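Below is query-v6.txt, holding compact mmCIF, C-alpha atoms and all ligand atoms.
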# COMPACT_ATOMS: atom_id res chain seq x y z
CA MET A 576 12.91 21.16 12.19
CA THR A 577 9.16 21.65 11.76
CA ILE A 578 9.75 24.59 9.40
CA LEU A 579 12.11 22.39 7.36
CA HIS A 580 9.54 19.61 7.22
CA ARG A 581 7.11 22.00 5.55
CA TYR A 582 9.41 21.97 2.52
CA GLN A 583 9.66 18.20 2.51
CA ASN A 584 8.32 16.31 -0.49
CA PRO A 585 6.36 13.38 1.04
CA ALA A 586 6.31 11.51 -2.29
CA TYR A 587 10.08 10.87 -2.10
CA THR A 588 10.95 11.19 1.59
CA GLY A 589 10.10 9.52 4.88
CA SER A 590 8.79 6.00 4.33
CA ASN A 591 8.65 6.73 0.58
CA ARG A 592 12.36 7.41 0.39
CA CYS A 593 14.12 5.15 -2.11
CA VAL A 594 17.39 3.96 -0.59
CA PRO A 595 19.23 3.14 -3.87
CA CYS A 596 18.25 6.55 -5.32
CA THR A 597 19.37 8.38 -2.15
CA ILE A 598 22.75 6.60 -2.23
CA THR A 599 23.18 7.45 -5.92
CA ASN A 600 22.38 11.11 -5.23
CA VAL A 601 24.73 11.38 -2.25
CA ALA A 602 27.50 9.87 -4.42
CA ILE A 603 26.77 12.37 -7.20
CA ALA A 604 26.74 15.21 -4.62
CA ALA A 605 30.09 14.04 -3.20
CA LEU A 606 31.74 13.86 -6.64
CA GLY A 607 30.35 17.28 -7.64
CA SER A 608 31.43 18.88 -4.35
CA LEU A 609 34.94 17.38 -4.65
CA ALA A 610 35.24 18.96 -8.09
CA VAL A 611 34.19 22.33 -6.64
CA ALA A 612 36.49 21.85 -3.63
CA ALA A 613 39.48 21.30 -5.94
CA VAL A 614 39.02 24.91 -7.07
CA ALA A 615 37.77 26.46 -3.80
CA PRO A 616 37.70 24.15 -0.73
CA PRO A 617 35.21 26.20 1.40
CA LEU A 618 32.81 26.37 -1.55
CA GLY A 619 33.02 22.60 -1.94
CA ALA A 620 31.93 22.10 1.68
CA VAL A 621 29.03 24.52 1.26
CA ALA A 622 27.96 22.81 -1.99
CA PHE A 623 28.02 19.39 -0.31
CA LEU A 624 25.93 20.56 2.67
CA GLY A 625 23.44 22.23 0.31
CA ALA A 626 23.18 19.06 -1.76
CA LEU A 627 22.62 16.90 1.34
CA LEU A 628 19.87 19.24 2.53
CA THR A 629 18.20 19.08 -0.89
CA ILE A 630 18.33 15.26 -0.88
CA TYR A 631 16.93 15.23 2.68
CA LEU A 632 14.00 17.48 1.77
CA ARG A 633 13.22 16.45 -1.79
CA GLY A 634 14.42 12.85 -1.75
CA TYR A 635 16.77 13.42 -4.68
CA LEU A 636 19.22 15.96 -6.08
CA VAL A 637 19.28 15.14 -9.77
CA PRO A 638 15.85 14.89 -11.43
CA GLY A 639 15.51 11.60 -13.26
CA THR A 640 17.65 9.65 -10.77
CA PRO A 641 15.18 6.71 -10.68
CA ALA A 642 15.76 6.13 -14.42
CA PHE A 643 19.51 6.37 -13.87
CA THR A 644 19.43 4.01 -10.89
CA ARG A 645 17.21 1.55 -12.77
CA ARG A 646 19.66 1.45 -15.68
CA TYR A 647 22.94 1.19 -13.75
CA PHE A 648 22.11 -0.68 -10.56
CA PRO A 649 22.11 -4.45 -11.13
CA ASP A 650 19.01 -6.34 -9.98
CA TRP A 651 20.87 -8.21 -7.23
CA LEU A 652 21.97 -4.88 -5.74
CA LEU A 653 18.46 -3.42 -5.86
CA ALA A 654 17.17 -6.60 -4.23
CA VAL A 655 19.48 -5.92 -1.25
CA PHE A 656 17.44 -2.77 -0.55
CA ASP A 657 14.06 -4.44 -0.83
CA LYS A 658 12.44 -4.56 2.57
CA ALA A 659 12.20 -8.01 4.04
CA ASP A 660 8.47 -8.38 4.36
CA PRO A 661 7.45 -11.64 5.99
CA THR A 662 3.79 -12.20 5.28
CA PRO A 663 1.66 -14.76 7.09
CA SER A 664 1.04 -17.77 4.87
CA SER A 665 -2.15 -17.51 2.85
CA ALA A 666 -3.05 -21.03 3.98
CA ASP A 667 -3.46 -19.76 7.58
CA VAL A 668 -5.58 -16.84 6.39
CA GLU A 669 -7.82 -19.13 4.32
CA GLU A 670 -8.10 -21.61 7.16
CA MET A 671 -9.21 -18.93 9.60
CA LEU A 672 -11.82 -17.54 7.21
CA VAL A 673 -13.15 -21.00 6.37
CA ALA A 674 -13.33 -21.92 10.08
CA ALA A 675 -15.30 -18.72 10.76
CA GLY A 676 -17.74 -19.55 7.95
CA VAL A 677 -16.81 -16.45 5.92
CA LEU A 678 -15.38 -18.57 3.10
CA HIS A 679 -16.65 -21.95 1.95
CA ASP A 680 -14.45 -24.57 0.37
CA GLU A 681 -16.52 -25.67 -2.62
CA ALA A 682 -15.01 -28.30 -4.92
CA THR A 683 -11.77 -26.63 -6.07
CA ASP A 684 -12.81 -23.10 -5.29
CA LEU A 685 -13.18 -20.90 -2.26
CA VAL A 686 -16.37 -18.84 -2.29
CA LEU A 687 -17.61 -16.05 -0.08
CA ASP A 688 -20.53 -16.90 2.20
CA PRO A 689 -23.58 -15.17 0.65
CA ARG A 690 -24.72 -13.81 4.03
CA PHE A 691 -21.29 -12.33 4.64
CA ALA A 692 -21.22 -10.89 1.09
CA THR A 693 -24.57 -9.15 1.64
CA ALA A 694 -23.61 -7.79 5.06
CA TRP A 695 -20.27 -6.58 3.71
CA ALA A 696 -21.93 -4.75 0.80
CA GLU A 697 -24.43 -3.11 3.17
CA ARG A 698 -21.65 -1.90 5.46
CA MET A 699 -19.76 -0.45 2.45
CA ALA A 700 -22.91 1.44 1.43
CA ASP A 701 -23.33 2.66 5.05
CA ILE A 702 -19.82 4.12 5.05
CA ASP A 703 -20.58 6.04 1.84
CA THR A 704 -23.86 7.33 3.28
CA GLU A 705 -22.17 8.48 6.51
CA ARG A 706 -19.74 10.59 4.48
CA ASP A 707 -22.31 12.06 2.10
CA GLY A 708 -21.92 15.85 1.89
CA LEU A 709 -18.74 15.91 4.00
CA SER A 710 -15.61 17.72 2.80
CA ASP A 711 -12.58 15.50 2.02
CA ALA A 712 -10.89 16.71 5.22
CA ASP A 713 -13.95 15.87 7.36
CA ALA A 714 -14.32 12.49 5.63
CA ASP A 715 -10.62 11.74 6.31
CA ARG A 716 -11.12 12.72 9.97
CA LEU A 717 -14.12 10.39 10.21
CA ASP A 718 -12.04 7.64 8.56
CA ALA A 719 -9.32 8.15 11.19
CA VAL A 720 -11.85 7.86 14.04
CA GLU A 721 -13.30 4.75 12.41
CA LEU A 722 -9.89 3.15 11.89
CA ALA A 723 -8.94 3.96 15.50
CA ALA A 724 -12.08 2.22 16.76
CA LEU A 725 -11.34 -0.86 14.63
CA THR A 726 -7.69 -1.06 15.63
CA ASP A 727 -7.95 0.05 19.29
CA LEU A 728 -5.54 2.90 18.58
CA ASP A 729 -5.76 6.52 19.76
CA ALA A 730 -7.82 8.51 17.24
CA ASP A 731 -5.96 11.74 18.07
CA ALA A 732 -2.61 10.18 17.15
CA LEU A 733 -3.99 8.70 13.95
CA ASP A 734 -3.85 10.67 10.73
CA ILE A 735 -5.28 9.73 7.34
CA GLN A 736 -3.70 11.22 4.23
CA ARG A 737 -4.12 10.77 0.51
CA TYR A 738 -1.26 10.55 -1.96
CA GLY A 739 -2.76 10.57 -5.41
CA ASP A 740 -5.23 7.68 -5.35
CA ALA A 741 -3.61 5.97 -2.37
CA VAL A 742 -4.82 6.32 1.22
CA VAL A 743 -2.19 6.24 3.96
CA ALA A 744 -2.69 5.94 7.73
CA ASN A 745 0.00 7.37 10.02
CA LEU A 746 0.27 6.88 13.78
CA ASP A 747 2.48 9.60 15.30
CA ALA A 748 4.06 10.18 11.87
CA GLU A 749 4.81 6.47 11.44
CA ARG A 750 3.03 4.77 8.57
CA ILE A 751 0.85 1.91 9.81
CA GLY A 752 -1.28 1.25 6.74
CA ARG A 753 -1.52 1.95 3.04
CA TRP A 754 -4.43 1.27 0.70
CA GLU A 755 -4.33 1.36 -3.10
CA SER A 756 -7.43 3.54 -3.22
CA ARG A 757 -10.20 4.98 -1.11
CA ALA A 758 -12.42 2.13 -2.43
CA ALA A 759 -9.94 -0.43 -1.00
CA PHE A 760 -9.97 1.44 2.33
CA VAL A 761 -13.78 1.37 2.45
CA ALA A 762 -13.79 -2.36 1.62
CA ASP A 763 -11.40 -3.09 4.50
CA VAL A 764 -13.17 -0.93 7.07
CA ALA A 765 -16.53 -2.48 6.18
CA ALA A 766 -15.11 -6.02 6.24
CA ALA A 767 -13.39 -5.37 9.58
CA ARG A 768 -16.67 -4.18 11.12
CA GLU A 769 -18.38 -7.34 9.91
CA LEU A 770 -15.55 -9.77 10.75
CA ASP A 771 -15.74 -8.59 14.35
CA ASP A 772 -19.03 -10.57 14.46
CA TRP A 773 -17.80 -13.60 12.50
CA VAL A 774 -14.25 -14.37 13.57
CA PRO A 775 -13.79 -15.37 17.22
CA ARG A 776 -11.33 -13.11 19.05
CA TRP A 777 -10.95 -10.98 15.88
CA ARG A 778 -9.46 -8.10 17.89
CA SER A 779 -6.84 -10.30 19.51
CA ILE A 780 -5.35 -11.12 16.09
CA PRO A 781 -2.21 -8.99 15.50
CA LEU A 782 -2.86 -5.93 13.32
CA ALA A 783 -0.51 -7.08 10.55
CA ALA A 784 -2.34 -10.41 10.28
CA ARG A 785 -5.74 -8.69 10.31
CA SER A 786 -4.65 -6.42 7.49
CA GLU A 787 -3.32 -9.41 5.52
CA LEU A 788 -6.66 -11.13 6.02
CA LEU A 789 -8.61 -8.08 4.84
CA GLY A 790 -6.40 -7.82 1.77
CA ALA A 791 -7.00 -11.48 0.93
CA LEU A 792 -10.73 -10.97 1.35
CA ARG A 793 -10.71 -8.13 -1.23
CA LEU A 794 -9.93 -10.76 -3.87
CA PHE A 795 -13.49 -11.97 -3.39
CA LEU A 796 -15.07 -8.61 -4.20
CA GLU A 797 -17.04 -8.65 -7.43
CA ARG A 798 -18.18 -5.04 -7.59
CA CYS A 799 -16.44 -1.74 -6.85
CA PRO A 800 -17.14 -0.34 -3.34
CA ALA A 801 -17.02 3.19 -4.80
CA CYS A 802 -19.22 2.94 -7.92
CA ASP A 803 -20.56 -0.63 -8.04
CA ALA A 804 -19.07 -1.37 -11.50
CA ALA A 805 -17.52 -4.79 -12.23
CA LEU A 806 -13.91 -5.44 -11.14
CA THR A 807 -11.24 -6.84 -13.45
CA LEU A 808 -8.05 -8.74 -12.66
CA ASP A 809 -4.85 -8.14 -14.66
CA HIS A 810 -1.19 -8.99 -14.63
CA GLU A 811 0.80 -5.77 -14.89
CA VAL A 812 4.33 -4.50 -14.68
CA VAL A 813 4.41 -1.58 -12.25
CA ARG A 814 7.28 0.87 -12.27
CA SER A 815 7.93 1.97 -8.68
CA CYS A 816 10.76 4.46 -8.46
CA CYS A 817 13.90 2.74 -9.78
CA ARG A 818 12.61 -0.78 -10.36
CA ASP A 819 9.91 -2.73 -12.15
CA ARG A 820 7.65 -5.18 -10.34
CA ASP A 821 5.31 -7.83 -11.67
CA VAL A 822 2.00 -7.47 -9.93
CA ILE A 823 -1.51 -8.84 -9.96
CA ALA A 824 -3.84 -5.90 -10.03
CA MET A 825 -7.57 -5.79 -9.42
CA SER A 826 -9.20 -2.58 -10.65
CA CYS A 827 -12.65 -1.17 -11.25
CA SER A 828 -13.83 -1.11 -14.85
CA GLY A 829 -15.95 1.96 -14.05
CA CYS A 830 -14.02 4.49 -11.92
CA GLY A 831 -10.58 2.89 -12.28
CA SER A 832 -10.06 2.49 -8.51
CA ARG A 833 -7.30 0.02 -7.73
CA LEU A 834 -8.62 -2.54 -5.24
CA LEU A 835 -5.65 -4.82 -4.93
CA GLU A 836 -2.05 -4.90 -6.00
CA ALA A 837 0.04 -7.87 -5.01
CA ASP A 838 3.57 -8.82 -5.95
CA PHE A 839 3.52 -11.72 -8.26
CA ASP A 840 6.21 -14.24 -9.07
CA VAL A 841 6.18 -14.50 -12.87
CA SER A 842 8.44 -17.55 -12.80
CA VAL A 843 5.35 -19.48 -11.66
CA LEU A 844 3.87 -18.82 -15.08
CA GLU A 845 6.94 -19.60 -17.16
CA GLY A 846 6.12 -22.10 -19.86
CA GLU A 847 2.42 -21.30 -19.75
CA ALA A 848 1.15 -19.89 -23.01
CA ASP A 849 -1.77 -17.98 -21.58
CA ALA A 850 -0.04 -16.36 -18.63
CA MET A 851 -2.39 -13.40 -18.64
CA ALA A 852 -5.49 -15.52 -18.34
CA SER A 853 -4.29 -17.66 -15.45
CA PRO A 854 -6.35 -17.64 -12.29
CA VAL A 855 -4.87 -15.82 -9.34
CA GLU A 856 -3.49 -17.52 -6.28
CA THR A 857 -3.27 -15.38 -3.17
CA HIS A 858 0.29 -16.45 -2.36
ZN ZN A 901 -15.45 1.96 -9.24
Once you've parsed the file, please lay out its structure as structure tokens.
Amino acid sequence: MTILHRYQNPAYTGSNRCVPCTITNVAIAALGSLAVAAVAPPLGAVAFLGALLTIYLRGYLVPGTPAFTRRYFPDWLLAVFDKADPTPSSADVEEMLVAAGVLHDEATDLVLDPRFATAWAERMADIDTERDGLSDADADRLDAVELAALTDLDADALDIQRYGDAVVANLDAERIGRWESRAAFVADVAAARELDDWVPRWRSIPLAARSELLGALRLFLERCPACDAALTLDHEVVRSCCRDRDVIAMSCSGCGSRLLEADFDVSVLEGEADAMASPVETH
């Protein structure tokens, strides 16, 4: 199995596998194999097994399946495959950060405590300094050790990988975290180090809730953790495999690092003329 896994395309398999696209491909493989089997039954069986193996390893059989699936699968059917993803309410997250003094409720706006902002920025700079001159592999290893310390997980079982711009953390081959960019990862690690001092019983908060809290906090960043350029907030339509999603995206105007990408319900904006300019809510 390990030899097989070497030929696996991680971009379309494992936790990145698209269920609607896989179903479409298996159906195409079945129809194609039946056609072959009508002429030569043993050949049909071999063709079907070969097709299944290809789908297992590459994630798809027919190139361009996502476009096909997007066109022919109705939205309600695609929605069935969307992972149910219960997120803690942003009100709880805000409340916890306000109670800890990290955020202040000023008039109609939440603002970051200036002392926290300074400490956070210093810790982000420290992380960059610690990795100065290291190879990517050594930096990733150091990131894994760091993440293990922050999450009380076993560093040897933790593995950090990069897919394009994204940073992914796996624990025994199971994905436990994904960041839009290395800059977002640095922001979270630095904030987690600092929050340990600010939020009572920080480490007793479940990991999923801590990661939600760190994500929410990234909205308060003003400058890029990687290059210090200003950050911009946009409403975008992101094409992920076979479907389109409306997202709020925060990116760096300098290096282009994506700091935040959150699903966004456009119906909230319906009827508003200046949808693009609307302020962002974290829920
Ligand atoms: Zn940048």
Within 9 Å of ligand ZN 901 (chain A) (counting all atoms listed in the file), which residues show up? I'd like them as a ChimeraX atom specification. /A:758,798-806,826-833
Hey, what's within 12 Å of Gly639 in chain A if we count all atoms listed in the file and toss same-chain stuff fewer than 2 positions away? As a PyMOL selection string, please? chain A and resi 596+599-600+634-637+641-646+816-817
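Here CA of Asp740 in chain A stands at a distance of 26.6 Å from CA of Thr693 in chain A.
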Mind giving me the straight-line distance from CA of Leu725 in chain A to CA of Arg778 in chain A in Å, one decimal?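 Separation between CA of Leu725 in chain A and CA of Arg778 in chain A: 8.2 Å.
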Show me, as a VMD selection string, the residues that have an atom within 10 Å of Asp731 in chain A when counting only C-alpha atoms, minus same-chain residues fewer than 4 positions from it. chain A and resid 716 719 to 720 723 746 to 747
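CA of Thr640 in chain A lies 20.1 Å from CA of Ala610 in chain A.
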With a distance cut-off of 12 Å and all atoms listed in the file, select the neighbouring residues of range 620-622 of chain A, excluding the residue or stretch itself and same-chain residues fewer than 4 positions from it, and output the selection as an NGL selection string. :A and (601 or 603-616 or 626-629 or 636)
Given the selection you just returned, output its residues as a file containing C-alpha atoms, formatted as an mmCIF file, in the frame of the given file.
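Written out: selection-v2.cif:
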data_model
loop_
_atom_site.group_PDB
_atom_site.id
_atom_site.type_symbol
_atom_site.label_atom_id
_atom_site.label_comp_id
_atom_site.auth_asym_id
_atom_site.auth_seq_id
_atom_site.Cartn_x
_atom_site.Cartn_y
_atom_site.Cartn_z
ATOM 1 C CA VAL A 601 24.730 11.380 -2.250
ATOM 2 C CA ILE A 603 26.770 12.370 -7.200
ATOM 3 C CA ALA A 604 26.740 15.210 -4.620
ATOM 4 C CA ALA A 605 30.090 14.040 -3.200
ATOM 5 C CA LEU A 606 31.740 13.860 -6.640
ATOM 6 C CA GLY A 607 30.350 17.280 -7.640
ATOM 7 C CA SER A 608 31.430 18.880 -4.350
ATOM 8 C CA LEU A 609 34.940 17.380 -4.650
ATOM 9 C CA ALA A 610 35.240 18.960 -8.090
ATOM 10 C CA VAL A 611 34.190 22.330 -6.640
ATOM 11 C CA ALA A 612 36.490 21.850 -3.630
ATOM 12 C CA ALA A 613 39.480 21.300 -5.940
ATOM 13 C CA VAL A 614 39.020 24.910 -7.070
ATOM 14 C CA ALA A 615 37.770 26.460 -3.800
ATOM 15 C CA PRO A 616 37.700 24.150 -0.730
ATOM 16 C CA ALA A 626 23.180 19.060 -1.760
ATOM 17 C CA LEU A 627 22.620 16.900 1.340
ATOM 18 C CA LEU A 628 19.870 19.240 2.530
ATOM 19 C CA THR A 629 18.200 19.080 -0.890
ATOM 20 C CA LEU A 636 19.220 15.960 -6.080
#
Neighbouring residues of Ser779 in chain A were defined as those with any atom within 12 Å, considering only C-alpha atoms; residues of the same chain fewer than 6 positions away were excluded. Please report them as number ranges by chain. A: 725-727, 771, 785
Starting from 6 Å padding per side, set up an axis-aligned box that covers all listed atoms of range 595-612 of chain A and hand over centre and edge lengths in Å, one decimal, as lines of an AutoDock Vina configuration file.
center_x = 27.4
center_y = 12.7
center_z = -5.1
size_x = 30.2
size_y = 31.2
size_z = 17.9
Quick one: residues within 9 Å of Asp715 in chain A, all atoms listed in the file counted, chain neighbours fewer than 2 positions away excluded, as an MDAnalysis selection string? chainID A and resid 710:713 717:720 734:737
Which residue out of A:Asp819, A:Glu755, A:Asp667, A:Glu769 has the minimum interatomic distance to Leu835 in chain A when all atoms listed in the file are used?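 Under the stated criterion, the closest residue is A:Glu755.
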Nearest to Val673 in chain A: which of A:Val774, A:Gln583, A:Glu797, A:Met825 is it, counting all atoms listed in the file? A:Val774
Closest to Ala741 in chain A among A:Leu808, A:Leu834, A:Asp729, A:Arg633, using only C-alpha atoms?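 Answer, going by the shortest atom-to-atom distance: A:Leu834.
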Could you tell me which of A:Ile702, A:Leu709, A:Leu685, A:Leu653 comes closest to Leu794 in chain A if we count all atoms listed in the file?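 Using all atoms listed in the file, the shortest distance to Leu794 in chain A belongs to A:Leu685.
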